[in-house]
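Here's the structure we're looking at; comments come further down.
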Amino acid sequence: MKKNIFRVGADIEEEFTEFATCTSIESAEKAKQLLEGAGWDDVEIRESNLYLDTIEIDGKEIDLTQ
């Protein structure tokens, strides 16, 4: 089963700094709310272009669990 990865962070000095890595959008939203509650501005959720336990080599996705 392919599982998406959601990265939660903010741009700091023009570089995305990741504070949380989540496997559901719900967890990512909770992380975002906690960061905003702690005073962080411009917190973003970014969906990774890869799936959990997957590697891409030469344009082919390989499932690392098999």
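Labels used: A, B, ... for chains in the order of the structure tokens, numbers from 1 for residues in each chain, and numbers from 1 for ligands as shown.
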
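Residues with any atom within 12 Å of region 58-66 of chain A, counting only C-alpha atoms and excluding same-chain neighbours fewer than 3 positions away, are A:Met1, A:Lys2, A:Lys3, A:Asn49, A:Leu50, A:Tyr51, A:Leu52, A:Asp53, A:Thr54, A:Ile55.
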
Could you save the residues just selected, with all heavy atoms, as a PDB file, in the first residue's frame?
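Generated output (result33.pdb):
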ATOM      1  N   MET A   1       0.838  -1.183   0.000  1.00  0.00           N
ATOM      2  CA  MET A   1       0.000   0.000   0.000  1.00  0.00           C
ATOM      3  C   MET A   1       0.886   1.249   0.000  1.00  0.00           C
ATOM      4  O   MET A   1       1.743   1.422   0.864  1.00  0.00           O
ATOM      5  CB  MET A   1      -0.903  -0.017   1.232  1.00  0.00           C
ATOM      6  CG  MET A   1      -1.713   1.215   1.425  1.00  0.00           C
ATOM      7  SD  MET A   1      -2.583   1.093   3.014  1.00  0.00           S
ATOM      8  CE  MET A   1      -3.707   2.394   2.842  1.00  0.00           C
ATOM      9  N   LYS A   2       0.704   2.099  -0.960  1.00  0.00           N
ATOM     10  CA  LYS A   2       1.476   3.326  -1.034  1.00  0.00           C
ATOM     11  C   LYS A   2       0.942   4.327  -0.022  1.00  0.00           C
ATOM     12  O   LYS A   2      -0.250   4.514   0.106  1.00  0.00           O
ATOM     13  CB  LYS A   2       1.391   3.917  -2.436  1.00  0.00           C
ATOM     14  CG  LYS A   2       2.113   3.099  -3.464  1.00  0.00           C
ATOM     15  CD  LYS A   2       2.086   3.785  -4.799  1.00  0.00           C
ATOM     16  CE  LYS A   2       2.886   3.009  -5.801  1.00  0.00           C
ATOM     17  NZ  LYS A   2       2.945   3.672  -7.092  1.00  0.00           N
ATOM     18  N   LYS A   3       1.862   4.934   0.708  1.00  0.00           N
ATOM     19  CA  LYS A   3       1.473   5.898   1.734  1.00  0.00           C
ATOM     20  C   LYS A   3       2.207   7.207   1.480  1.00  0.00           C
ATOM     21  O   LYS A   3       3.425   7.230   1.369  1.00  0.00           O
ATOM     22  CB  LYS A   3       1.831   5.341   3.107  1.00  0.00           C
ATOM     23  CG  LYS A   3       1.135   6.030   4.219  1.00  0.00           C
ATOM     24  CD  LYS A   3       0.963   5.065   5.371  1.00  0.00           C
ATOM     25  CE  LYS A   3       0.165   5.721   6.425  1.00  0.00           C
ATOM     26  NZ  LYS A   3      -1.037   5.139   6.779  1.00  0.00           N
ATOM     27  N   ASN A  49       6.839  14.135  -3.214  1.00  0.00           N
ATOM     28  CA  ASN A  49       6.593  13.483  -4.500  1.00  0.00           C
ATOM     29  C   ASN A  49       6.920  11.995  -4.443  1.00  0.00           C
ATOM     30  O   ASN A  49       6.750  11.270  -5.412  1.00  0.00           O
ATOM     31  CB  ASN A  49       7.404  14.163  -5.618  1.00  0.00           C
ATOM     32  CG  ASN A  49       8.894  14.066  -5.394  1.00  0.00           C
ATOM     33  OD1 ASN A  49       9.358  13.899  -4.275  1.00  0.00           O
ATOM     34  ND2 ASN A  49       9.649  14.195  -6.451  1.00  0.00           N
ATOM     35  N   LEU A  50       7.397  11.514  -3.289  1.00  0.00           N
ATOM     36  CA  LEU A  50       7.671  10.098  -3.087  1.00  0.00           C
ATOM     37  C   LEU A  50       6.714   9.527  -2.047  1.00  0.00           C
ATOM     38  O   LEU A  50       6.124  10.254  -1.262  1.00  0.00           O
ATOM     39  CB  LEU A  50       9.104   9.889  -2.602  1.00  0.00           C
ATOM     40  CG  LEU A  50      10.203  10.249  -3.586  1.00  0.00           C
ATOM     41  CD1 LEU A  50      11.565  10.087  -2.911  1.00  0.00           C
ATOM     42  CD2 LEU A  50      10.132   9.384  -4.823  1.00  0.00           C
ATOM     43  N   TYR A  51       6.599   8.223  -2.060  1.00  0.00           N
ATOM     44  CA  TYR A  51       5.792   7.525  -1.073  1.00  0.00           C
ATOM     45  C   TYR A  51       6.710   6.959   0.005  1.00  0.00           C
ATOM     46  O   TYR A  51       7.915   6.787  -0.201  1.00  0.00           O
ATOM     47  CB  TYR A  51       4.995   6.394  -1.718  1.00  0.00           C
ATOM     48  CG  TYR A  51       3.944   6.867  -2.682  1.00  0.00           C
ATOM     49  CD1 TYR A  51       4.148   6.801  -4.056  1.00  0.00           C
ATOM     50  CD2 TYR A  51       2.746   7.400  -2.228  1.00  0.00           C
ATOM     51  CE1 TYR A  51       3.172   7.239  -4.947  1.00  0.00           C
ATOM     52  CE2 TYR A  51       1.779   7.848  -3.111  1.00  0.00           C
ATOM     53  CZ  TYR A  51       1.995   7.759  -4.461  1.00  0.00           C
ATOM     54  OH  TYR A  51       1.046   8.205  -5.338  1.00  0.00           O
ATOM     55  N   LEU A  52       6.129   6.624   1.151  1.00  0.00           N
ATOM     56  CA  LEU A  52       6.861   6.010   2.242  1.00  0.00           C
ATOM     57  C   LEU A  52       7.421   4.666   1.775  1.00  0.00           C
ATOM     58  O   LEU A  52       6.751   3.928   1.056  1.00  0.00           O
ATOM     59  CB  LEU A  52       5.908   5.816   3.428  1.00  0.00           C
ATOM     60  CG  LEU A  52       6.497   5.502   4.775  1.00  0.00           C
ATOM     61  CD1 LEU A  52       7.421   6.624   5.235  1.00  0.00           C
ATOM     62  CD2 LEU A  52       5.396   5.304   5.784  1.00  0.00           C
ATOM     63  N   ASP A  53       8.635   4.343   2.175  1.00  0.00           N
ATOM     64  CA  ASP A  53       9.299   3.082   1.812  1.00  0.00           C
ATOM     65  C   ASP A  53       9.411   2.888   0.306  1.00  0.00           C
ATOM     66  O   ASP A  53       9.235   1.790  -0.212  1.00  0.00           O
ATOM     67  CB  ASP A  53       8.583   1.880   2.447  1.00  0.00           C
ATOM     68  CG  ASP A  53       8.677   1.886   3.952  1.00  0.00           C
ATOM     69  OD1 ASP A  53       9.717   2.302   4.485  1.00  0.00           O
ATOM     70  OD2 ASP A  53       7.701   1.489   4.608  1.00  0.00           O
ATOM     71  N   THR A  54       9.710   3.976  -0.396  1.00  0.00           N
ATOM     72  CA  THR A  54       9.847   3.937  -1.848  1.00  0.00           C
ATOM     73  C   THR A  54      11.092   4.711  -2.256  1.00  0.00           C
ATOM     74  O   THR A  54      11.428   5.721  -1.650  1.00  0.00           O
ATOM     75  CB  THR A  54       8.621   4.584  -2.525  1.00  0.00           C
ATOM     76  OG1 THR A  54       7.456   3.886  -2.103  1.00  0.00           O
ATOM     77  CG2 THR A  54       8.695   4.517  -4.030  1.00  0.00           C
ATOM     78  N   ILE A  55      11.759   4.215  -3.259  1.00  0.00           N
ATOM     79  CA  ILE A  55      12.887   4.923  -3.844  1.00  0.00           C
ATOM     80  C   ILE A  55      12.646   5.018  -5.344  1.00  0.00           C
ATOM     81  O   ILE A  55      12.005   4.132  -5.931  1.00  0.00           O
ATOM     82  CB  ILE A  55      14.226   4.217  -3.535  1.00  0.00           C
ATOM     83  CG1 ILE A  55      15.404   5.075  -3.978  1.00  0.00           C
ATOM     84  CG2 ILE A  55      14.284   2.835  -4.163  1.00  0.00           C
ATOM     85  CD1 ILE A  55      16.746   4.565  -3.485  1.00  0.00           C
TER      86      ILE A  55
END

For this session: Per DSSP on the backbone, filter region 14-53 of chain A down to the residues in strand (DSSP E or B) and report them as a list in words.
Result: Glu15, Phe16, Thr17, Glu18, Phe19, Ala20, Thr21, Cys22, Glu44, Ile45, Arg46, Glu47, Ser48, Asn49, Leu50 and Tyr51 of chain A

Take the residues from that selection and put them in a file with all heavy atoms, as a CSV table (one decimal), in the first residue's frame.
chain,number,residue,atom,x,y,z
A,15,GLU,N,15.1,28.9,2.8
A,15,GLU,CA,15.2,27.4,2.8
A,15,GLU,C,14.1,26.8,3.6
A,15,GLU,O,13.8,27.2,4.7
A,15,GLU,CB,16.6,27.0,3.3
A,15,GLU,CG,16.8,25.5,3.2
A,15,GLU,CD,18.3,25.2,3.6
A,15,GLU,OE1,19.2,25.9,3.2
A,15,GLU,OE2,18.4,24.2,4.3
A,16,PHE,N,13.5,25.7,3.1
A,16,PHE,CA,12.4,25.1,3.8
A,16,PHE,C,12.9,24.3,5.0
A,16,PHE,O,13.8,23.4,4.8
A,16,PHE,CB,11.6,24.2,2.8
A,16,PHE,CG,10.3,23.6,3.5
A,16,PHE,CD1,9.2,24.4,3.7
A,16,PHE,CD2,10.3,22.2,3.8
A,16,PHE,CE1,8.1,23.8,4.3
A,16,PHE,CE2,9.1,21.7,4.4
A,16,PHE,CZ,8.0,22.5,4.6
A,17,THR,N,12.5,24.6,6.2
A,17,THR,CA,12.9,23.9,7.3
A,17,THR,C,11.8,23.0,7.8
A,17,THR,O,10.7,23.5,8.1
A,17,THR,CB,13.4,24.9,8.5
A,17,THR,OG1,14.4,25.7,8.0
A,17,THR,CG2,13.8,24.1,9.7
A,18,GLU,N,12.0,21.7,7.9
A,18,GLU,CA,11.0,20.8,8.2
A,18,GLU,C,11.0,20.5,9.7
A,18,GLU,O,12.0,20.2,10.3
A,18,GLU,CB,11.3,19.5,7.4
A,18,GLU,CG,10.2,18.4,7.5
A,18,GLU,CD,10.5,17.3,6.5
A,18,GLU,OE1,11.1,17.5,5.5
A,18,GLU,OE2,10.2,16.1,6.9
A,19,PHE,N,9.8,20.6,10.3
A,19,PHE,CA,9.6,20.4,11.7
A,19,PHE,C,8.9,19.1,12.0
A,19,PHE,O,9.0,18.5,13.0
A,19,PHE,CB,8.8,21.5,12.3
A,19,PHE,CG,9.5,22.8,12.3
A,19,PHE,CD1,9.2,23.8,11.4
A,19,PHE,CD2,10.5,23.1,13.2
A,19,PHE,CE1,9.9,25.0,11.4
A,19,PHE,CE2,11.2,24.3,13.2
A,19,PHE,CZ,10.9,25.3,12.3
A,20,ALA,N,8.1,18.6,11.0
A,20,ALA,CA,7.4,17.3,11.2
A,20,ALA,C,7.2,16.6,9.8
A,20,ALA,O,7.1,17.2,8.8
A,20,ALA,CB,6.0,17.6,11.7
A,21,THR,N,7.3,15.3,9.9
A,21,THR,CA,7.0,14.4,8.8
A,21,THR,C,5.8,13.5,9.1
A,21,THR,O,5.9,12.8,10.1
A,21,THR,CB,8.2,13.6,8.4
A,21,THR,OG1,9.3,14.4,8.2
A,21,THR,CG2,8.0,12.7,7.2
A,22,CYS,N,4.8,13.6,8.4
A,22,CYS,CA,3.5,12.9,8.7
A,22,CYS,C,3.1,12.0,7.6
A,22,CYS,O,3.3,12.2,6.4
A,22,CYS,CB,2.4,13.9,9.0
A,22,CYS,SG,2.9,15.1,10.3
A,44,GLU,N,3.8,25.8,6.4
A,44,GLU,CA,3.2,25.1,5.2
A,44,GLU,C,3.2,23.6,5.4
A,44,GLU,O,4.0,23.1,6.1
A,44,GLU,CB,4.1,25.4,4.0
A,44,GLU,CG,4.2,26.9,3.6
A,44,GLU,CD,5.2,27.0,2.4
A,44,GLU,OE1,5.1,26.1,1.5
A,44,GLU,OE2,6.0,27.9,2.4
A,45,ILE,N,2.3,23.0,4.6
A,45,ILE,CA,2.3,21.6,4.5
A,45,ILE,C,2.6,21.3,3.0
A,45,ILE,O,2.0,21.8,2.1
A,45,ILE,CB,0.9,21.0,4.8
A,45,ILE,CG1,0.5,21.2,6.3
A,45,ILE,CG2,0.9,19.5,4.5
A,45,ILE,CD1,-0.9,20.8,6.7
A,46,ARG,N,3.6,20.5,2.8
A,46,ARG,CA,4.0,20.1,1.5
A,46,ARG,C,4.0,18.6,1.3
A,46,ARG,O,4.5,17.8,2.2
A,46,ARG,CB,5.5,20.5,1.2
A,46,ARG,CG,5.6,22.1,1.2
A,46,ARG,CD,7.0,22.5,0.9
A,46,ARG,NE,7.2,23.9,0.9
A,46,ARG,CZ,8.3,24.5,0.6
A,46,ARG,NH1,9.4,23.8,0.3
A,46,ARG,NH2,8.4,25.8,0.7
A,47,GLU,N,3.3,18.1,0.3
A,47,GLU,CA,3.2,16.7,0.0
A,47,GLU,C,4.4,16.3,-0.8
A,47,GLU,O,4.8,16.9,-1.8
A,47,GLU,CB,1.9,16.4,-0.8
A,47,GLU,CG,1.7,14.9,-0.9
A,47,GLU,CD,0.3,14.6,-1.5
A,47,GLU,OE1,-0.4,15.6,-1.8
A,47,GLU,OE2,0.0,13.5,-1.8
A,48,SER,N,5.1,15.2,-0.3
A,48,SER,CA,6.3,14.7,-0.9
A,48,SER,C,5.9,14.1,-2.3
A,48,SER,O,4.8,13.6,-2.5
A,48,SER,CB,7.0,13.7,-0.1
A,48,SER,OG,8.1,13.1,-0.7
A,49,ASN,N,6.8,14.1,-3.2
A,49,ASN,CA,6.6,13.5,-4.5
A,49,ASN,C,6.9,12.0,-4.4
A,49,ASN,O,6.8,11.3,-5.4
A,49,ASN,CB,7.4,14.2,-5.6
A,49,ASN,CG,8.9,14.1,-5.4
A,49,ASN,OD1,9.4,13.9,-4.3
A,49,ASN,ND2,9.6,14.2,-6.5
A,50,LEU,N,7.4,11.5,-3.3
A,50,LEU,CA,7.7,10.1,-3.1
A,50,LEU,C,6.7,9.5,-2.0
A,50,LEU,O,6.1,10.3,-1.3
A,50,LEU,CB,9.1,9.9,-2.6
A,50,LEU,CG,10.2,10.2,-3.6
A,50,LEU,CD1,11.6,10.1,-2.9
A,50,LEU,CD2,10.1,9.4,-4.8
A,51,TYR,N,6.6,8.2,-2.1
A,51,TYR,CA,5.8,7.5,-1.1
A,51,TYR,C,6.7,7.0,0.0
A,51,TYR,O,7.9,6.8,-0.2
A,51,TYR,CB,5.0,6.4,-1.7
A,51,TYR,CG,3.9,6.9,-2.7
A,51,TYR,CD1,4.1,6.8,-4.1
A,51,TYR,CD2,2.7,7.4,-2.2
A,51,TYR,CE1,3.2,7.2,-4.9
A,51,TYR,CE2,1.8,7.8,-3.1
A,51,TYR,CZ,2.0,7.8,-4.5
A,51,TYR,OH,1.0,8.2,-5.3

Problem set entry | Atomic separation - CA of Val43 (chain A) relative to CA of Ala28 (chain A), Å |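 If I compute the distance from CA of Ala28 (chain A) to CA of Val43 (chain A), I get 10.7 Å.
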
For this session: May I have all residues of chain A that DSSP, computed from the backbone, assigns to alpha helix (DSSP H), given as a PyMOL selection string?
Result: chain A and resi 25-37

Let me see the file: selected residues, N, CA, C and O atoms, as a PDB file, in the first residue's frame.
ATOM      1  N   ILE A  25      -2.716  13.621   6.191  1.00  0.00           N
ATOM      2  CA  ILE A  25      -2.962  15.062   6.138  1.00  0.00           C
ATOM      3  C   ILE A  25      -3.503  15.554   7.479  1.00  0.00           C
ATOM      4  O   ILE A  25      -3.214  16.673   7.905  1.00  0.00           O
ATOM      5  N   GLU A  26      -4.240  14.697   8.181  1.00  0.00           N
ATOM      6  CA  GLU A  26      -4.787  15.073   9.493  1.00  0.00           C
ATOM      7  C   GLU A  26      -3.662  15.340  10.499  1.00  0.00           C
ATOM      8  O   GLU A  26      -3.698  16.320  11.249  1.00  0.00           O
ATOM      9  N   SER A  27      -2.660  14.468  10.509  1.00  0.00           N
ATOM     10  CA  SER A  27      -1.515  14.670  11.406  1.00  0.00           C
ATOM     11  C   SER A  27      -0.741  15.919  11.013  1.00  0.00           C
ATOM     12  O   SER A  27      -0.269  16.670  11.869  1.00  0.00           O
ATOM     13  N   ALA A  28      -0.603  16.147   9.717  1.00  0.00           N
ATOM     14  CA  ALA A  28       0.101  17.330   9.234  1.00  0.00           C
ATOM     15  C   ALA A  28      -0.627  18.606   9.642  1.00  0.00           C
ATOM     16  O   ALA A  28       0.005  19.583  10.058  1.00  0.00           O
ATOM     17  N   GLU A  29      -1.958  18.596   9.551  1.00  0.00           N
ATOM     18  CA  GLU A  29      -2.747  19.763   9.970  1.00  0.00           C
ATOM     19  C   GLU A  29      -2.580  20.018  11.461  1.00  0.00           C
ATOM     20  O   GLU A  29      -2.463  21.167  11.890  1.00  0.00           O
ATOM     21  N   LYS A  30      -2.551  18.946  12.262  1.00  0.00           N
ATOM     22  CA  LYS A  30      -2.360  19.091  13.712  1.00  0.00           C
ATOM     23  C   LYS A  30      -0.979  19.677  14.005  1.00  0.00           C
ATOM     24  O   LYS A  30      -0.847  20.582  14.844  1.00  0.00           O
ATOM     25  N   ALA A  31       0.053  19.184  13.314  1.00  0.00           N
ATOM     26  CA  ALA A  31       1.404  19.715  13.498  1.00  0.00           C
ATOM     27  C   ALA A  31       1.453  21.189  13.125  1.00  0.00           C
ATOM     28  O   ALA A  31       2.067  22.000  13.827  1.00  0.00           O
ATOM     29  N   LYS A  32       0.794  21.547  12.035  1.00  0.00           N
ATOM     30  CA  LYS A  32       0.751  22.946  11.595  1.00  0.00           C
ATOM     31  C   LYS A  32       0.097  23.826  12.660  1.00  0.00           C
ATOM     32  O   LYS A  32       0.610  24.888  13.004  1.00  0.00           O
ATOM     33  N   GLN A  33      -1.023  23.366  13.206  1.00  0.00           N
ATOM     34  CA  GLN A  33      -1.717  24.136  14.243  1.00  0.00           C
ATOM     35  C   GLN A  33      -0.843  24.309  15.481  1.00  0.00           C
ATOM     36  O   GLN A  33      -0.806  25.387  16.084  1.00  0.00           O
ATOM     37  N   LEU A  34      -0.131  23.250  15.876  1.00  0.00           N
ATOM     38  CA  LEU A  34       0.747  23.333  17.044  1.00  0.00           C
ATOM     39  C   LEU A  34       1.886  24.324  16.809  1.00  0.00           C
ATOM     40  O   LEU A  34       2.233  25.105  17.706  1.00  0.00           O
ATOM     41  N   LEU A  35       2.468  24.300  15.608  1.00  0.00           N
ATOM     42  CA  LEU A  35       3.544  25.243  15.292  1.00  0.00           C
ATOM     43  C   LEU A  35       3.041  26.676  15.286  1.00  0.00           C
ATOM     44  O   LEU A  35       3.691  27.579  15.834  1.00  0.00           O
ATOM     45  N   GLU A  36       1.874  26.888  14.690  1.00  0.00           N
ATOM     46  CA  GLU A  36       1.293  28.234  14.677  1.00  0.00           C
ATOM     47  C   GLU A  36       0.962  28.693  16.089  1.00  0.00           C
ATOM     48  O   GLU A  36       1.165  29.855  16.432  1.00  0.00           O
ATOM     49  N   GLY A  37       0.484  27.775  16.926  1.00  0.00           N
ATOM     50  CA  GLY A  37       0.190  28.101  18.320  1.00  0.00           C
ATOM     51  C   GLY A  37       1.437  28.438  19.118  1.00  0.00           C
ATOM     52  O   GLY A  37       1.384  29.156  20.108  1.00  0.00           O
TER      53      GLY A  37
END

For this session: Provide the CA of Phe6 (chain A) to CA of Thr23 (chain A) distance in Å, to one decimal place.
Result: 6.1 Å
